[in-house]
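Visitor: This is the structure I want to talk about, given as structure tokens.
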There are 2 protein chains.
Amino acid sequence: MRSPIRFLVVAAGCAALGLFMTPKKSPADEGMWLFSNPPRAQLKKYGFEPDQKWLDHVRLSSVRFNSGGSGSFVSPTGLVMTNHHVAAHDLDKVSTAEKNYLRDGFLAKNHDDEIKCKGLELNVLTAIKDVTAEVEKAVPAGTAPAEAFKLRTAKIAELEKGAADPAKNVRADVVTLYAGGQYHLYTFKKYTDIRIVFAPEKQAAFFGGDPDNFEYPRFDLDVAFFRVWEDGKPLNTENYLKWSAAGAKADELVLVSGHPGRTNRGNTTDELKYLRDTGYPYLLNRLNRLEVLLGSWGARSEANSQKSEEELFSIQNSRKARIGGLAGLMDPKLMGRKIKDEERLKAFLNGPHDTDTATTTMVNNAKAAFATVAKAEKVRTDLIKDITVLENSAGFNSASFGIARTLVRAAAELPKPNAERLREFADARLPSLKFGLFSDEPIYEDLETLKLADGLQFLAVTLGPDSDLVKKVLAGKSPRERAYDLISGTKVRDPKFRKQVFENIETATKNGGTLDLSVLKDPMLDVAALVDPACRAVRKRFENEVDEPKRQAYSALAKAKFAMDGDKVYPDATFTLRLAFGTVKGYKEDGKDVPAFTTMDGLYARSKEQGNKGPFELPKRWVERKDKLDLKTPYNFVCTADIIGGNSGSPVVNTKGEVVGLIFDGNIQSLVLDFIYDDTIARAVSVDSRAIIESLRKVYDAGALADELTGKK
Amino acid sequence: MRSPIRFLVVAAGCAALGLFMTPKKSPADEGMWLFSNPPRAQLKKYGFEPDQKWLDHVRLSSVRFNSGGSGSFVSPTGLVMTNHHVAAHDLDKVSTAEKNYLRDGFLAKNHDDEIKCKGLELNVLTAIKDVTAEVEKAVPAGTAPAEAFKLRTAKIAELEKGAADPAKNVRADVVTLYAGGQYHLYTFKKYTDIRIVFAPEKQAAFFGGDPDNFEYPRFDLDVAFFRVWEDGKPLNTENYLKWSAAGAKADELVLVSGHPGRTNRGNTTDELKYLRDTGYPYLLNRLNRLEVLLGSWGARSEANSQKSEEELFSIQNSRKARIGGLAGLMDPKLMGRKIKDEERLKAFLNGPHDTDTATTTMVNNAKAAFATVAKAEKVRTDLIKDITVLENSAGFNSASFGIARTLVRAAAELPKPNAERLREFADARLPSLKFGLFSDEPIYEDLETLKLADGLQFLAVTLGPDSDLVKKVLAGKSPRERAYDLISGTKVRDPKFRKQVFENIETATKNGGTLDLSVLKDPMLDVAALVDPACRAVRKRFENEVDEPKRQAYSALAKAKFAMDGDKVYPDATFTLRLAFGTVKGYKEDGKDVPAFTTMDGLYARSKEQGNKGPFELPKRWVERKDKLDLKTPYNFVCTADIIGGNSGSPVVNTKGEVVGLIFDGNIQSLVLDFIYDDTIARAVSVDSRAIIESLRKVYDAGALADELTGKK
């Protein structure tokens, strides 16, 4: 069973921070705003002035899924709406050999029938407090950086502890905004008894599959409903969004309350050019290569296809995302805006300032930061190939190598003091490392051989087949032969074996010694040990010459921007609650108008034109119930709201705070929003609220649920 | 309608010449031997000593398809056997809107029913004469190269003219072997009245499609039958291959008579390393990129799929071929053999020689040649990106740009004297250039925009988005926007428009003037003109610093090799008739035995395991007739014979000269045979003769044809 990836929060690969904005020139609907600092001026232009009650109500009706998405309360008895693809992992976890809820969907007949999720946590943001002054006061001016870090961390921990109340499920996080320009104490109500109420078939939720992923027009019922329970009964709450009877209209103002995961709008133009000219093209080459490798192998047999489809889809998802981002970076108009923004900041830095030490330091640090980033990006260009094939192990592409490396490194790292270890071996991270290492997810020998053979060939081409390291790795064999030898010869795919080895390492460590893995004579462990010095060397250079200087430089730039604009602008996304807004609006592509809405009959037409095959096959229920449906019902729509991965499942509301839609994707042109907002062709894609009701009533026999949503019950 | 590409002769991209061989150490079954110099010693080891009658009979029964494949006479009344994929182009040409013979197959009920092909020519090699002495005598020692070329060309033309007899359909070609070590006068009987007798459905011939292309085990009935007619009736001939009643057995010696197209076994290790480390990986990146681009676009709609499938299949075919070749080059054992061969040649060059001028020149030229090739390969590495995006127009990937460039260059080239033009504009080549230019094959605007947008992005990444040329080409737009503007704005896709422009250029040229295309204000013509100087510059460097020095160097090396080994070895393939041999033998892959034969029940099993979908869907007839078939009938088999593209359709015969099979493919491991022979895992793939008879009788109701083949009629 599979979990879609799509538009969830993606784990951060680099830690670029910072904010971004040109208040005067920004396109109309830009911004992922804090609820404590909403875009009042921008909304006023639309004639909309939300009062505090409106803001509080929408905030308290919004829900964060700790699995990486957004949602909202939509009934007084704790009903929570999100996307099917946000719910996917939870549907998968409660499925059995007989009942595949992810694939086939689910409808609870009554409260007792609702299925309890495993390990799902929902958070509601109950209070926001600006604690910037307190955090800053904890660090006296002139404190050395290491000491400052310690003091700040201690203060934050103290504030969080003071606000949290585990007994009452109250959680508190100090959120760093504007890269340290502000610190906010967020208090959350935490819910852990979450039950599944409804999900459609994956085929309806993700109709069109990868071909239509990130595309528009769309016809997806990407929705699922959970219910929050508390004290053994459905939650009773006043904070829920009412359902709009009318839905949204073209050109209407709509608002999106959700949790955008991460944006990099503070990136300097040097970093953007690195991504445009080197990083993205290089990664796309690799994604293309893997897509062709797995796609053609999968086409060789049904068994192959089943073994590789999850990884293939994840690669296709990444590929589309990068293509969209690269296309945006390639647009001279967008890059031109970034250049202008940077010029404005440079002008600010060159302008007159206070002459106190703090200001002078801020200005000088920020001025120097541009060159620091530029230099780091140059090193990144030099290292991209080595870091990819070695430390990121693309040259040894296989789960078996990953396991072998973990064991080899564990043997070296665990005996070291905690602070000196590679970060993934720090005590705090060991439980999650062990959880992954001991997992008994199936690893397929033939797929491993295929991937490793391709990886070894990639390694050889990258470092040169005649280089010493490659010769040692290949040991006189061709990549394919060597891959077969390594994969068929290693024991690391046996969970018992690796658990035993890891425990032996822990025991040896406890006894003050180390474990020599070479006595195991496992060829994959030997290869992992052989290449480890080279992998560690490039990792160290990357951390010292790229990551760390950039972290400092972006912090300096963010401080300068905050000095320039303050909180007149929104901070970069941090997977905390934000308010975005925009208009329901189509766009032009290749000279053709792409309308804002699709309708239900479009679903049937699209399926028919695609021969009702593969990802375009209509679910049985949708075929049988076609005649009952009002085929003119709006199905999906696009708007200009500023969203990014993590916004999956966000409610789209009208000015009355009523649900008119449900964010589930961005079009491919929206993927540049990672770096810069655009309202010409970038669009957020939503399920229309009317389609949800229509299909619940007429396809899924879920009239009671529809009644609950529309307040008829 | 589509023409499969697969294992036909591929147009030569570079002109590497030369021969290759280490007589002592070569694997047992190596060689594409001349019928005038067969591998007697090698065959004797198998206890087989073919007499001249045997050799003449097989030679005269062999047929060359001028469309790029091989075949053989298999009945006394002119029946010719070849592959369905060799016949594909001819089947396509005689198909109509109602009758799709390529897709659905064809069976002539009687002679009158046979369909005459359009423009198909078959050649039979009737005589071979060594004319080396005559050609060499025509060029006195010490003649300057240009004069020598003239004298040699004149002598060759004289010899060809003397032997040809157009009235009797006798054609004569002087074939250059061993890169000038020998010249042979080949006389051919030419047949031009060729009629289609039988072809199965493409689904049976190419069962498994791209997923199984170049793979084994296989289940393909890749066969077609033509009949040669002469003087209005079927040809009466004694020279045909009889059908073997028993078929081939495992470990049996078999022989292959066919026309291998081109091999590059004379490549120096420097060139092989260039291909391994730079050329193939770079090309594969590009093929992967195009495969993902077209594949994902095709998946978006059935219409897209139809527009792109032919190009997509051609890309997949190339990709597989390169992957196979690269895997071979990556095998240190194969590269080790090439290095040893080169060392043997170098030792020969350093050893004692006659001190006459000719020998000394030969030795010195050959010694210098290694460095020349190495230097050329270095330049090739430097130029690969520029030549790809500019002169090879990957940066403008579209038919529209190709047309625009041809027009722009025609306007510049036609007014020049013939000898000074770019070679494709020489008088002799103009008819074929015009044929292509005026073709009204459909060009799809949306597919053009997709490809050009991707091409422009590739151009920008390759040359840098901030380079002057790229900025001028993109004109301030994103690649996608610019591609849309160019494709929607140009008129060159209208055949009438481009014909008119070309004729205006010809008229202007005749009047001693030139035509200024810029007045047409066509954006694609303008872009083609804008980039032409840069394209020409890189082409010139490539020709002067790569192609020409290598041509001379490989000629010098070939002469040295001929001095070392004479004709104890076979010359590189030249799409002339050769005799290969080998044993019917499986191989080991990933530790598993791949057996030599498949059987008919394997076809049904493979289809079933693939859900009888797409390329694995059984043809209707095969479903209906399953019960009638002897499912244990051998279907396809592999042998170690030394083949390459162009061998498609070659008969596989036993020592009695009887047909036991029909070459139709090589496995993916055989693709390294371009550079070096291998008998460990490289295999030629054939249709078993028994499967042909069984399916003709029981699936196709073609009993009369089966009787004709087996001599029962």
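Note on naming: chains are A, B, ... as they come in the structure tokens, residues start from 1 per chain, ligands start from 1 in the order shown.
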Please, which residues in chain A fall within 7 Å of chain B when counting only C-alpha atoms, and what is the closest atom pair and distance in Å to one decimal for each, ordered by chain then residue number, as a tab-separated table?
Guide:
residue	atom	partner	partner_atom	distance
A:Pro211	CA	B:Arg300	CA	5.2
A:Asp212	CA	B:Arg300	CA	6.7
A:Asp277	CA	B:Val461	CA	5.5
A:Asn285	CA	B:Asn285	CA	6.2
A:Asn288	CA	B:Asn288	CA	5.6
A:Arg289	CA	B:Asn288	CA	5.7
A:Val292	CA	B:Asn288	CA	6.3
A:Ser296	CA	B:Pro211	CA	6.2
A:Ala299	CA	B:Pro211	CA	5.6
A:Arg300	CA	B:Pro211	CA	5.2
A:Ser301	CA	B:Gln610	CA	5.8
A:Glu302	CA	B:Gln610	CA	5.4
A:Met330	CA	B:Ser478	CA	5.8
A:Asp331	CA	B:Ser478	CA	4.2
A:Pro332	CA	B:Gly476	CA	6.0
A:Val461	CA	B:Asp277	CA	5.6
A:Gly464	CA	B:Asp277	CA	6.8
A:Gly476	CA	B:Pro332	CA	6.0
A:Lys477	CA	B:Pro332	CA	6.3
A:Ser478	CA	B:Asp331	CA	4.2
A:Tyr484	CA	B:Asp590	CA	5.8
A:Asp590	CA	B:Tyr484	CA	5.8
A:Glu609	CA	B:Glu302	CA	6.5
A:Gln610	CA	B:Glu302	CA	5.4
Visitor: Can you pull out the residues contacting Asn397 of chain B? Cut-off 6 Å, using only C-alpha atoms, and skip same-chain residues under 3 positions away; I want them as a tab-separated table (two decimals) with all heavy atoms, in the first residue's frame.
Guide:
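File produced: result21.tsv:
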chain	number	residue	atom	x	y	z
B	394	ALA	N	19.94	20.68	-30.45
B	394	ALA	CA	19.19	20.22	-29.28
B	394	ALA	C	18.63	21.41	-28.50
B	394	ALA	O	17.63	21.28	-27.80
B	394	ALA	CB	20.08	19.38	-28.36
B	451	LYS	N	8.54	20.64	-27.05
B	451	LYS	CA	9.93	20.28	-27.31
B	451	LYS	C	10.82	21.52	-27.38
B	451	LYS	O	11.94	21.53	-26.85
B	451	LYS	CB	10.04	19.51	-28.63
B	451	LYS	CG	9.56	18.06	-28.51
B	451	LYS	CD	9.33	17.40	-29.88
B	451	LYS	CE	10.58	17.41	-30.73
B	451	LYS	NZ	10.33	16.87	-32.08
B	452	LEU	N	10.34	22.58	-28.01
B	452	LEU	CA	11.16	23.78	-28.12
B	452	LEU	C	11.37	24.42	-26.75
B	452	LEU	O	12.47	24.90	-26.44
B	452	LEU	CB	10.54	24.77	-29.11
B	452	LEU	CG	11.33	26.05	-29.32
B	452	LEU	CD1	12.74	25.76	-29.84
B	452	LEU	CD2	10.62	27.00	-30.28
B	455	GLY	N	13.93	22.50	-25.18
B	455	GLY	CA	15.20	22.77	-25.87
B	455	GLY	C	15.79	24.11	-25.45
B	455	GLY	O	16.98	24.22	-25.17
Visitor: Between A:Gln42, A:Thr355, A:Ser62, A:Ser308, which has the minimum distance to Gly582 of chain A (counting only C-alpha atoms)?
Guide: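 Smallest separation from Gly582 of chain A among the options: A:Gln42.
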Visitor: Tell me which protein, DNA and RNA residues are within 10 Å of Leu43 of chain A, counting only C-alpha atoms, leaving out same-chain ones fewer than 4 positions away, and put them as a list of chain:residue names.
Guide: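 Here the qualifying residues turn out to be A:Ala28, A:Asp29, A:Pro38, A:Pro39, A:Gly47, A:Phe48, A:Glu49, A:Pro50, A:Leu253, A:Leu255, A:Phe581, A:Gly582.
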Visitor: Neighbours of Ile128 of chain A within 10 Å (only C-alpha atoms; same-chain residues fewer than 3 positions away dropped), as a PDB file with C-alpha atoms, in the first residue's frame?
Guide:
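Okay, this is what ended up in part-v2.pdb:
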ATOM      1  CA  LEU A  34       0.810  35.669  10.641  1.00  0.00           C
ATOM      2  CA  PHE A  35      -2.597  35.648  12.334  1.00  0.00           C
ATOM      3  CA  SER A  36      -1.044  38.080  14.807  1.00  0.00           C
ATOM      4  CA  LEU A 125      -3.085  27.176  17.777  1.00  0.00           C
ATOM      5  CA  VAL A 131       8.282  37.014  23.469  1.00  0.00           C
ATOM      6  CA  ALA A 172       3.974  25.309  23.681  1.00  0.00           C
ATOM      7  CA  ASP A 173       6.627  26.129  21.064  1.00  0.00           C
ATOM      8  CA  VAL A 174       8.708  29.256  20.688  1.00  0.00           C
ATOM      9  CA  VAL A 175       8.717  29.927  16.961  1.00  0.00           C
ATOM     10  CA  HIS A 184       6.642  34.101  19.240  1.00  0.00           C
ATOM     11  CA  LEU A 185       5.370  31.737  21.888  1.00  0.00           C
ATOM     12  CA  TYR A 186       2.711  29.528  20.271  1.00  0.00           C
ATOM     13  CA  THR A 187       0.413  27.570  22.544  1.00  0.00           C
ATOM     14  CA  PHE A 188      -1.387  24.591  21.028  1.00  0.00           C
TER      15      PHE A 188
END
Visitor: At a cut-off of 10 Å, using only C-alpha atoms, what residues contact segment 132-134 of chain A? Leave out same-chain residues fewer than 5 positions from it and give the result as an NGL selection string.
Guide: :A and (139 or 152 or 155-156 or 159 or 174 or 176-177 or 180-185)
Visitor: Using N, CA and C atoms, can you export the residues from the last selection as a short mmCIF file (atom, residue, chain, number, x, y, z; two decimals), in the first residue's frame?
Guide:
data_model
loop_
_atom_site.label_atom_id
_atom_site.label_comp_id
_atom_site.auth_asym_id
_atom_site.auth_seq_id
_atom_site.Cartn_x
_atom_site.Cartn_y
_atom_site.Cartn_z
N VAL A 139 19.92 37.47 26.56
CA VAL A 139 21.26 37.46 25.96
C VAL A 139 21.83 38.88 26.00
N ARG A 152 20.06 31.68 24.85
CA ARG A 152 18.80 31.81 24.12
C ARG A 152 18.00 30.50 24.22
N LYS A 155 16.45 30.11 27.59
CA LYS A 155 15.30 31.00 27.78
C LYS A 155 14.06 30.44 27.07
N ILE A 156 14.30 29.99 25.84
CA ILE A 156 13.19 29.43 25.05
C ILE A 156 12.61 28.22 25.76
N LEU A 159 10.49 29.37 28.64
CA LEU A 159 9.21 29.93 28.20
C LEU A 159 8.25 28.82 27.79
N VAL A 174 8.26 27.93 21.10
CA VAL A 174 8.71 29.26 20.69
C VAL A 174 9.13 29.16 19.22
N THR A 176 10.71 30.75 15.87
CA THR A 176 11.64 31.78 15.41
C THR A 176 11.17 32.31 14.07
N LEU A 177 10.88 33.63 14.01
CA LEU A 177 10.39 34.24 12.78
C LEU A 177 11.38 35.28 12.29
N GLY A 180 15.00 35.26 13.47
CA GLY A 180 15.44 35.80 14.75
C GLY A 180 15.02 37.24 14.96
N GLY A 181 14.39 37.84 13.96
CA GLY A 181 13.85 39.19 14.12
C GLY A 181 12.73 39.19 15.17
N GLN A 182 11.99 38.10 15.23
CA GLN A 182 10.95 37.97 16.25
C GLN A 182 10.92 36.54 16.78
N TYR A 183 10.52 36.42 18.06
CA TYR A 183 10.25 35.12 18.67
C TYR A 183 8.83 35.15 19.19
N HIS A 184 8.02 34.16 18.75
CA HIS A 184 6.64 34.10 19.24
C HIS A 184 6.42 32.80 20.00
N LEU A 185 5.74 32.92 21.12
CA LEU A 185 5.37 31.74 21.89
C LEU A 185 3.99 31.27 21.42
#
Visitor: Do a neighbour search on Phe497 of chain A at 12 Å with only C-alpha atoms, toss out local chain neighbours closer than 5 positions, and write the hits as a list of chain:residue names.
Guide: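 Skipping anything fewer than 5 positions along the chain leaves A:Ile403, A:Ala404, A:Leu407, A:Leu437, A:Phe438, A:Asp440, A:Thr490, A:Lys491, A:Val492, A:Phe502, A:Glu503, A:Asn504, A:Leu520, A:Asp522.
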Visitor: Could you check which of A:Leu312, A:Ala224, A:Ala368, A:Leu631 is closest to Ala88 of chain A, using only C-alpha atoms?
Guide: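 With only C-alpha atoms as the atom set, the closest residue is A:Ala224.
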Visitor: Can you measure atom CA of Gly703 of chain A to atom CA of Ala684 of chain A for me? One decimal in Å is fine.
Guide: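 One can read the atom CA of Gly703 of chain A to atom CA of Ala684 of chain A distance as 28.8 Å.
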Visitor: As a PyMOL selection string, please: every residue in segment 106-275 of chain A that a backbone DSSP assignment puts in strand (DSSP E).
Guide: chain A and resi 106-107+115-116+122-130+170-177+182-191+193-199+224-230+233-234+253-258
